Each structure stands twice: as C-alpha cells, then as structure tokens.
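Participant: Sharing a structure below in structure tokens format, with a few things to ask.
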Amino acid sequence: MKFSERIKALFKRNLLSDETFDDLTDLLIEGDIGASLAFSIADELKTLCKKEHISDTEVAKTRLKDLLRPYIVTRSFALDSKRLNIVLILGVNGVGKTTSCAKLARWAQQSQGSSAPILAAGDTFRAAAIDQLKIHGTRLGVRVVAQQHGADPGAVLWDAIDAAKSAGSDLVIADTAGRMHTRVDLLKELEKLDKVVQQKAGEVNYRKILVLDATTGQNAMRQAEIFHGAVKVDGVIMTKYDSASKGGMIISIGRQFGLPTLFLGTGEHYEDFQVFDAGHYLEDLIGI
Ligand SMILES: Nc1nc2c(ncn2[C@@H]2O[C@H](COP(=O)(O)OP(=O)(O)OP(=O)(O)O)[C@@H](O)[C@H]2O)c(=O)[nH]1
Ligand SMILES: [Mg+2]
C-alpha cells in the first residue's frame, strides 16, 4: 500500500487516541523519515490535535504537512546564463545516473532555453556506458562528447568543456561510472575528477548532483553521507520515485545533510522528470 493510503487509513480511526499517534510514529519510521523525527513529529501532532480538538482527518493531515515542511530543503536549480554550466552526475551503480543525464539535458532544453547542451561520457569504466549515452544523445538531438572505453574521465570532461566553449554551448552534463560507496579507490578517483573541474571553478558554474534511488531507503542515506563527504554535492535527484512506496528519505536527506532534492525521476521516459516541489511532494506523501 502506498504511504499516503496508509496515512489515510490511519487517520480514519479515532484521531485523538494515543494508539493512532503510536501507529503514526511507526508509519513515519517505515516511510524513511528517520526515527527521532518520526517520534517528535507524531508527538507534536498529537499535542496539537488534542489542544485544538481536531477531529477532522483532513485538518490533521494539513497540520502534519505543516509540521514536516520545515525539514525539507529545497534549492532552485537554474542555469547560470552568463557562464558555462557544468553538472557532474554521481551515484552508485544502477540508480539512474545515465537516464538522469538525458532527462536533465531535455529539461535544460525545454525549461531553461539551453540551446546546445553537451553530454560528456564520463563513465569510461563500464563497456556499454558510452553507447548508452550516445543513444540518448541521438534520441534527444544532443551532442555527446566521448573517448574510448577505459579513458580518463577527467580528460573526457576536459574535452567536453572545450567543445562547449568552442560551440558556445551553455551546459555540459557529465555522466560518471557507478561506484560503490564502499570502494575507497573509486571514491579517490572521484575526488580527483572533482579537483580537475574545480580548477575551472570561477569561470564556470560547477554543480554536483547525487543520484539516489528512492526505493533503496536507508542505504541511500549511507550513500549520501559518503559521496557528500568525499566531494560536497549540491543536491539530489531522487529517481524511481514512481515505484517507491515511501518517500520520507527526501526529508531525512535534507535534515541530516542539508541536501536539497532538486529533481524527481518518476519513470523511464525523458518526460518522467520533475523539478522538486516541496508542497506537491508533501501533499502526495500524506495524501492531501
Ligand atoms: N521507474 C524508473 N526507472 C528509472 C528511473 N530512472 C532510471 N530508471 C531505470 O533504471 C535503470 C538504470 O538506469 P541507468 O540510468 O542506466 O542507471 P545508472 O546509474 O547509469 O547505472 P550504471 O551506469 O550501471 O551505474 C534503467 O532501466 C532505467 O530505465 C526512474 O525515475 N523511474
Ligand atoms: Mg550509467
């Protein structure tokens, strides 16, 4: 059952009973909101409902939404129109990095007026990764800068930046190899790549986005901790949000690491990609 449906079922019961709020705590924990926040939110809601004699479930849900709202970190992700924008897409294997690169390029074209985004095939590790990105490029009519399998990702990115400059392009989106957050050597490599791009900081608008799979729950928290610890990411794309039965991780990520969720991936198609909106997110989560 979807999280929102379970909230709905919960609030159908006697709102002012202690049991309802105990169950709400459990539900919030299961929904990946994090135990300590779950306890305090359920407690605050209980106090509020009792004090204000709230018995209308819709009112209670709105109060819950208001209580959760301050914990969500948002940040607008607009392209800098005066500088070249470089976006590095990071994350562990299979979370949806390459798909998100393509979706982001399409978004930039359609919503930011980006005339000629460039995709950089920075995953030189997995054999099929370059072709996969090229297929997206062809479908979207977006140029892909690539080298051969096994090439240095920093060199690929450097090439893409040069290509963007000579073509007058405003955006480079770089795919990277999926690296397990437990592999120290791969993270070191990522730190190196980051340093390469940092050299251009100032003249370019450099952003790092961590891709997290919404269905992986608490494991995603660990990934955020490691990646953010290694290279200081600017925000998150939460993918597979369409198949997640819970979405409280967005709140946990913001609360624990101060990381904003920038986009939601909601399917396998290019258009299944939305700028994150805290209000919509909470309404969907709680079922308002
Ligand atoms: N349902 C759903 N599927 C998604 C979403 N984003 C990506 N996928 C699917 O997830 C799978 C993996 O996506 P990729 O983009 O290849 O993931 P990746 O992180 O680049 O994978 P590696 O390069 O192997 O590390 C593909 O089948 C995608 O279609 C999403 O938002 N929703
Ligand atoms: Mg990939």
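Going through the structure tokens in order, the chains are called A, B, and so on, while each chain numbers its residues from 1 and the ligands are numbered from 1 in the order shown.
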Please list as a list in words every residue within 12 Å of Glu203 in chain A, counting only C-alpha atoms and excluding residues in the same chain fewer than 3 positions away.
Facilitator: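 After dropping sequence-adjacent residues, the list is Asp80, Lys82, Arg83, Leu84, Asn85, Ile86, Ile161, Lys165, Val197, Gln198, Gln199, Lys200 and Tyr206 of chain A.
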Participant: Could you pull out the strand (DSSP E) residues of range 92-263 of chain A, going by DSSP on the backbone, and write them as a PyMOL selection string?
Facilitator: chain A and resi 118-122+143-145+171-176+204-213+235-239+261-263
Participant: Once you count only C-alpha atoms and all ligand atoms, which residues end up within 7 Å of ligand 1, and could you hand them over as a list in words?
Facilitator: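 Residues lying within 7 Å of ligand 1: Gly91, Val92, Asn93, Gly94, Val95, Gly96, Lys97, Thr98, Thr99, Ser100, Ala129, Ala177, Gly178, Thr239, Lys240, Tyr241, Asp242, Ser243, Leu264, Gly265, Thr266, Gly267, Glu268 and Asp272 of chain A.
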Participant: If you run DSSP on the backbone, which residues of range 99-150 of chain A are alpha helix (DSSP H), as a list in words?
Facilitator: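 Selecting the alpha helix (DSSP H) positions of range 99-150 of chain A gives Thr99, Ser100, Cys101, Ala102, Lys103, Leu104, Ala105, Arg106, Trp107, Ala108, Gln109, Gln110, Ser111, Ala129, Ile130, Asp131, Gln132, Leu133, Lys134, Ile135, His136, Gly137, Thr138, Arg139 and Leu140 of chain A.
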Participant: How many Å separate CA of Ala146 in chain A from CA of Val172 in chain A?
Facilitator: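 Going from CA of Ala146 in chain A over to CA of Val172 in chain A, I get 12.3 Å.
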Participant: Kindly give the distance, in Å, that separates CA of His228 in chain A and CA of Val145 in chain A, rounded to a single decimal.
Facilitator: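 That distance, rounded to one decimal, is 26.6 Å.
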Participant: My list of candidates is A:Gly122, A:Gly34, A:Gly287, A:Gly217. Which is closest to ligand 2 when distances are computed with only C-alpha atoms and all ligand atoms?
Facilitator: A:Gly122
Participant: Kindly indicate which residue among A:Tyr71, A:Ala151, A:Glu19, A:Leu186 lies nearest to Gly248 in chain A, using only C-alpha atoms for the distances.
Facilitator: A:Tyr71
Participant: Give me the residues within 8 Å of Ala127 in chain A as a list in words, counting only C-alpha atoms and dropping any in the same chain fewer than 3 places off.
Facilitator: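 Counting only C-alpha atoms, the residues come to Thr124, Ile130 and His149 of chain A.
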Participant: I want to know what sits within 10 Å of Leu24 in chain A, based on only C-alpha atoms, with residues of the same chain fewer than 3 positions away left out; could you give that as a CSV table (one decimal) with all heavy atoms, in the first residue's frame?
Facilitator:
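Saved result, result.csv, follows:
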chain,number,residue,atom,x,y,z
A,6,ARG,N,-1.8,4.6,3.5
A,6,ARG,CA,-1.7,4.1,4.9
A,6,ARG,C,-2.0,5.2,5.9
A,6,ARG,O,-2.6,5.0,6.9
A,6,ARG,CB,-0.3,3.5,5.1
A,6,ARG,CG,-0.2,2.2,4.2
A,6,ARG,CD,1.2,1.6,4.4
A,6,ARG,NE,1.3,1.1,5.8
A,6,ARG,CZ,2.5,0.6,6.2
A,6,ARG,NH1,3.5,0.5,5.5
A,6,ARG,NH2,2.5,0.1,7.5
A,7,ILE,N,-1.5,6.4,5.6
A,7,ILE,CA,-1.8,7.6,6.4
A,7,ILE,C,-3.3,7.8,6.5
A,7,ILE,O,-3.9,8.1,7.5
A,7,ILE,CB,-1.1,8.9,5.8
A,7,ILE,CG1,0.4,8.7,5.9
A,7,ILE,CG2,-1.6,10.1,6.5
A,7,ILE,CD1,1.1,9.4,7.1
A,10,LEU,N,-5.0,5.3,8.6
A,10,LEU,CA,-4.7,5.6,10.0
A,10,LEU,C,-5.6,6.7,10.5
A,10,LEU,O,-6.1,6.6,11.6
A,10,LEU,CB,-3.2,6.0,10.1
A,10,LEU,CG,-2.6,6.3,11.4
A,10,LEU,CD1,-2.4,4.9,12.1
A,10,LEU,CD2,-1.3,7.0,11.3
A,11,PHE,N,-5.7,7.8,9.7
A,11,PHE,CA,-6.5,8.9,10.2
A,11,PHE,C,-8.0,8.7,10.1
A,11,PHE,O,-8.8,9.6,10.6
A,11,PHE,CB,-6.1,10.2,9.4
A,11,PHE,CG,-4.8,10.8,9.9
A,11,PHE,CD1,-4.2,11.7,9.2
A,11,PHE,CD2,-4.3,10.4,11.1
A,11,PHE,CE1,-3.0,12.3,9.7
A,11,PHE,CE2,-3.1,11.0,11.6
A,11,PHE,CZ,-2.5,11.9,10.9
A,18,ASP,N,-4.3,7.7,21.6
A,18,ASP,CA,-2.9,7.6,21.7
A,18,ASP,C,-2.4,6.6,20.7
A,18,ASP,O,-1.3,6.7,20.1
A,18,ASP,CB,-2.4,7.2,23.1
A,18,ASP,CG,-2.6,8.3,24.1
A,18,ASP,OD1,-2.8,9.4,23.6
A,18,ASP,OD2,-2.4,8.1,25.3
A,19,GLU,N,-3.2,5.5,20.5
A,19,GLU,CA,-2.7,4.4,19.6
A,19,GLU,C,-2.5,5.0,18.1
A,19,GLU,O,-1.6,4.5,17.5
A,19,GLU,CB,-3.8,3.3,19.6
A,19,GLU,CG,-3.2,2.0,19.2
A,19,GLU,CD,-4.4,1.1,18.8
A,19,GLU,OE1,-5.5,1.3,19.1
A,19,GLU,OE2,-4.0,0.1,18.1
A,20,THR,N,-3.4,5.9,17.7
A,20,THR,CA,-3.3,6.4,16.4
A,20,THR,C,-1.9,7.1,16.2
A,20,THR,O,-1.2,6.9,15.2
A,20,THR,CB,-4.4,7.5,16.2
A,20,THR,OG1,-5.6,6.9,16.4
A,20,THR,CG2,-4.3,8.0,14.7
A,21,PHE,N,-1.5,7.8,17.2
A,21,PHE,CA,-0.2,8.5,17.1
A,21,PHE,C,1.0,7.6,17.2
A,21,PHE,O,2.0,7.8,16.6
A,21,PHE,CB,-0.2,9.7,18.1
A,21,PHE,CG,-1.2,10.7,17.7
A,21,PHE,CD1,-2.4,10.8,18.4
A,21,PHE,CD2,-0.9,11.6,16.7
A,21,PHE,CE1,-3.4,11.7,18.0
A,21,PHE,CE2,-1.9,12.6,16.4
A,21,PHE,CZ,-3.1,12.6,17.0
A,27,LEU,N,4.6,4.3,11.2
A,27,LEU,CA,4.4,4.6,9.8
A,27,LEU,C,5.5,5.6,9.3
A,27,LEU,O,6.1,5.3,8.2
A,27,LEU,CB,3.0,5.1,9.6
A,27,LEU,CG,2.5,5.1,8.1
A,27,LEU,CD1,2.6,3.7,7.5
A,27,LEU,CD2,1.0,5.5,8.1
A,28,LEU,N,5.7,6.6,10.0
A,28,LEU,CA,6.7,7.6,9.6
A,28,LEU,C,8.1,7.0,9.6
A,28,LEU,O,8.9,7.3,8.7
A,28,LEU,CB,6.7,8.8,10.5
A,28,LEU,CG,5.5,9.7,10.4
A,28,LEU,CD1,5.5,10.8,11.5
A,28,LEU,CD2,5.4,10.4,9.1
A,29,ILE,N,8.4,6.1,10.5
A,29,ILE,CA,9.7,5.4,10.5
A,29,ILE,C,9.8,4.5,9.3
A,29,ILE,O,10.8,4.5,8.6
A,29,ILE,CB,9.9,4.6,11.8
A,29,ILE,CG1,10.1,5.6,13.0
A,29,ILE,CG2,11.2,3.8,11.7
A,29,ILE,CD1,10.1,4.9,14.4
A,30,GLU,N,8.8,3.7,9.1
A,30,GLU,CA,8.8,2.9,7.9
A,30,GLU,C,8.9,3.6,6.6
A,30,GLU,O,9.4,3.2,5.6
A,30,GLU,CB,7.5,2.1,7.8
A,30,GLU,CG,7.5,0.8,8.6
A,30,GLU,CD,6.1,0.1,8.6
A,30,GLU,OE1,5.6,-0.1,7.5
A,30,GLU,OE2,5.5,-0.1,9.6
A,38,ALA,N,10.4,11.1,13.5
A,38,ALA,CA,9.1,10.4,13.5
A,38,ALA,C,8.5,10.6,14.9
A,38,ALA,O,7.3,11.0,15.0
A,38,ALA,CB,9.3,9.0,13.1
A,39,PHE,N,9.3,10.3,15.9
A,39,PHE,CA,8.8,10.4,17.3
A,39,PHE,C,8.3,11.9,17.6
A,39,PHE,O,7.2,12.1,18.1
A,39,PHE,CB,9.8,10.0,18.3
A,39,PHE,CG,9.8,8.5,18.5
A,39,PHE,CD1,10.8,7.7,18.0
A,39,PHE,CD2,8.8,7.9,19.3
A,39,PHE,CE1,10.8,6.3,18.1
A,39,PHE,CE2,8.8,6.5,19.5
A,39,PHE,CZ,9.8,5.7,18.9
A,41,ILE,N,7.6,14.4,15.5
A,41,ILE,CA,6.5,14.9,14.7
A,41,ILE,C,5.2,14.3,15.2
A,41,ILE,O,4.2,15.0,15.3
A,41,ILE,CB,6.7,14.5,13.2
A,41,ILE,CG1,7.9,15.3,12.6
A,41,ILE,CG2,5.5,14.7,12.4
A,41,ILE,CD1,7.6,16.7,12.3
A,42,ALA,N,5.1,13.0,15.4
A,42,ALA,CA,3.9,12.3,15.9
A,42,ALA,C,3.5,13.0,17.2
A,42,ALA,O,2.3,13.2,17.5
A,42,ALA,CB,4.1,10.8,16.0
A,43,ASP,N,4.5,13.2,18.1
A,43,ASP,CA,4.2,13.8,19.4
A,43,ASP,C,3.6,15.2,19.3
A,43,ASP,O,2.6,15.6,19.9
A,43,ASP,CB,5.5,13.8,20.2
A,43,ASP,CG,5.3,13.6,21.6
A,43,ASP,OD1,4.5,12.6,21.9
A,43,ASP,OD2,5.8,14.3,22.5
A,45,LEU,N,2.1,16.5,16.7
A,45,LEU,CA,0.8,16.4,16.1
A,45,LEU,C,-0.3,16.0,17.1
A,45,LEU,O,-1.4,16.6,17.1
A,45,LEU,CB,0.8,15.4,14.9
A,45,LEU,CG,-0.5,15.4,14.1
A,45,LEU,CD1,-0.7,16.8,13.4
A,45,LEU,CD2,-0.4,14.3,13.0
A,46,LYS,N,0.1,15.1,18.0
A,46,LYS,CA,-0.8,14.6,19.0
A,46,LYS,C,-1.2,15.8,19.9
A,46,LYS,O,-2.4,16.0,20.2
A,46,LYS,CB,-0.1,13.5,19.8
A,46,LYS,CG,-1.0,12.9,20.9
A,46,LYS,CD,-0.3,11.6,21.4
A,46,LYS,CE,-0.1,11.6,22.9
A,46,LYS,NZ,0.6,10.3,23.2
Participant: Write out as an mmCIF file with N, CA and C atoms, in the first residue's frame the residues lying within 12 Å of Tyr281 in chain A, counting only C-alpha atoms and excluding same-chain residues fewer than 5 positions away.
Facilitator:
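Okay, around_27.cif is ready:
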data_model
loop_
_atom_site.group_PDB
_atom_site.id
_atom_site.type_symbol
_atom_site.label_atom_id
_atom_site.label_comp_id
_atom_site.auth_asym_id
_atom_site.auth_seq_id
_atom_site.Cartn_x
_atom_site.Cartn_y
_atom_site.Cartn_z
ATOM 1 N N SER A 4 0.782 7.201 1.420
ATOM 2 C CA SER A 4 -0.336 8.135 1.601
ATOM 3 C C SER A 4 -1.637 7.399 1.937
ATOM 4 N N LYS A 65 1.361 18.051 7.483
ATOM 5 C CA LYS A 65 2.121 18.652 6.381
ATOM 6 C C LYS A 65 2.898 19.876 6.864
ATOM 7 N N LEU A 68 5.921 18.943 8.907
ATOM 8 C CA LEU A 68 7.034 18.346 8.157
ATOM 9 C C LEU A 68 7.753 19.355 7.261
ATOM 10 N N ARG A 69 7.003 20.355 6.824
ATOM 11 C CA ARG A 69 7.531 21.288 5.817
ATOM 12 C C ARG A 69 8.895 21.901 6.169
ATOM 13 N N ILE A 72 12.187 20.088 5.053
ATOM 14 C CA ILE A 72 12.524 19.818 3.653
ATOM 15 C C ILE A 72 13.411 20.931 3.110
ATOM 16 N N VAL A 73 14.523 20.517 2.543
ATOM 17 C CA VAL A 73 15.450 21.500 1.989
ATOM 18 C C VAL A 73 15.197 21.606 0.487
ATOM 19 N N THR A 74 14.993 22.808 0.019
ATOM 20 C CA THR A 74 14.824 22.998 -1.426
ATOM 21 C C THR A 74 15.823 24.049 -1.901
ATOM 22 N N MET A 238 16.229 12.361 -6.993
ATOM 23 C CA MET A 238 15.646 11.164 -6.408
ATOM 24 C C MET A 238 14.932 10.402 -7.528
ATOM 25 N N TYR A 241 11.052 7.327 -8.144
ATOM 26 C CA TYR A 241 10.069 7.802 -7.187
ATOM 27 C C TYR A 241 8.704 7.226 -7.525
ATOM 28 N N LYS A 246 7.334 4.690 -0.316
ATOM 29 C CA LYS A 246 7.573 5.646 0.757
ATOM 30 C C LYS A 246 8.536 6.685 0.213
ATOM 31 N N GLY A 247 8.511 7.845 0.749
ATOM 32 C CA GLY A 247 9.374 8.869 0.177
ATOM 33 C C GLY A 247 9.971 9.776 1.218
ATOM 34 N N GLY A 248 9.909 9.303 2.456
ATOM 35 C CA GLY A 248 10.379 10.133 3.564
ATOM 36 C C GLY A 248 11.867 10.406 3.548
ATOM 37 N N MET A 249 12.588 9.661 2.703
ATOM 38 C CA MET A 249 14.018 9.827 2.614
ATOM 39 C C MET A 249 14.394 11.253 2.197
ATOM 40 N N ILE A 250 13.524 11.861 1.407
ATOM 41 C CA ILE A 250 13.762 13.243 0.979
ATOM 42 C C ILE A 250 13.887 14.144 2.205
ATOM 43 N N ILE A 251 13.074 13.869 3.205
ATOM 44 C CA ILE A 251 13.117 14.649 4.442
ATOM 45 C C ILE A 251 14.401 14.323 5.221
ATOM 46 N N THR A 261 16.640 18.239 -2.373
ATOM 47 C CA THR A 261 16.240 17.413 -3.504
ATOM 48 C C THR A 261 15.910 18.375 -4.631
ATOM 49 N N LEU A 262 16.541 18.182 -5.775
ATOM 50 C CA LEU A 262 16.370 19.120 -6.879
ATOM 51 C C LEU A 262 15.343 18.636 -7.897
ATOM 52 N N PHE A 263 15.406 17.325 -8.173
ATOM 53 C CA PHE A 263 14.505 16.752 -9.178
ATOM 54 C C PHE A 263 14.009 15.393 -8.706
ATOM 55 N N LEU A 264 12.845 15.019 -9.229
ATOM 56 C CA LEU A 264 12.329 13.668 -9.016
ATOM 57 C C LEU A 264 12.292 12.944 -10.356
ATOM 58 N N GLN A 274 10.735 15.731 -12.884
ATOM 59 C CA GLN A 274 10.130 16.977 -12.407
ATOM 60 C C GLN A 274 11.049 17.738 -11.492
ATOM 61 N N VAL A 275 10.956 19.044 -11.594
ATOM 62 C CA VAL A 275 11.624 19.888 -10.601
ATOM 63 C C VAL A 275 10.932 19.611 -9.277
ATOM 64 N N PHE A 276 11.709 19.383 -8.251
ATOM 65 C CA PHE A 276 11.132 19.041 -6.960
ATOM 66 C C PHE A 276 10.360 20.218 -6.371
ATOM 67 N N ILE A 286 1.408 12.614 2.021
ATOM 68 C CA ILE A 286 0.404 12.472 3.071
ATOM 69 C C ILE A 286 -0.974 12.150 2.498
ATOM 70 N N GLY A 287 -1.138 12.444 1.231
ATOM 71 C CA GLY A 287 -2.418 12.153 0.592
ATOM 72 C C GLY A 287 -3.453 13.235 0.837
ATOM 73 N N ILE A 288 -3.053 14.458 0.565
ATOM 74 C CA ILE A 288 -3.989 15.582 0.736
ATOM 75 C C ILE A 288 -4.640 15.881 -0.612
#
Participant: Grab the CA of Gln218 in chain A to CA of Ala35 in chain A distance for me, in Å with one decimal place.
Facilitator: 11.4 Å
Participant: Report as a ChimeraX atom specification all protein, DNA and RNA residues lying within 12 Å of Ile54 in chain A, evaluated on only C-alpha atoms, omitting residues in the same chain fewer than 2 positions from it.
Facilitator: /A:11,14-17,45-52,56-64
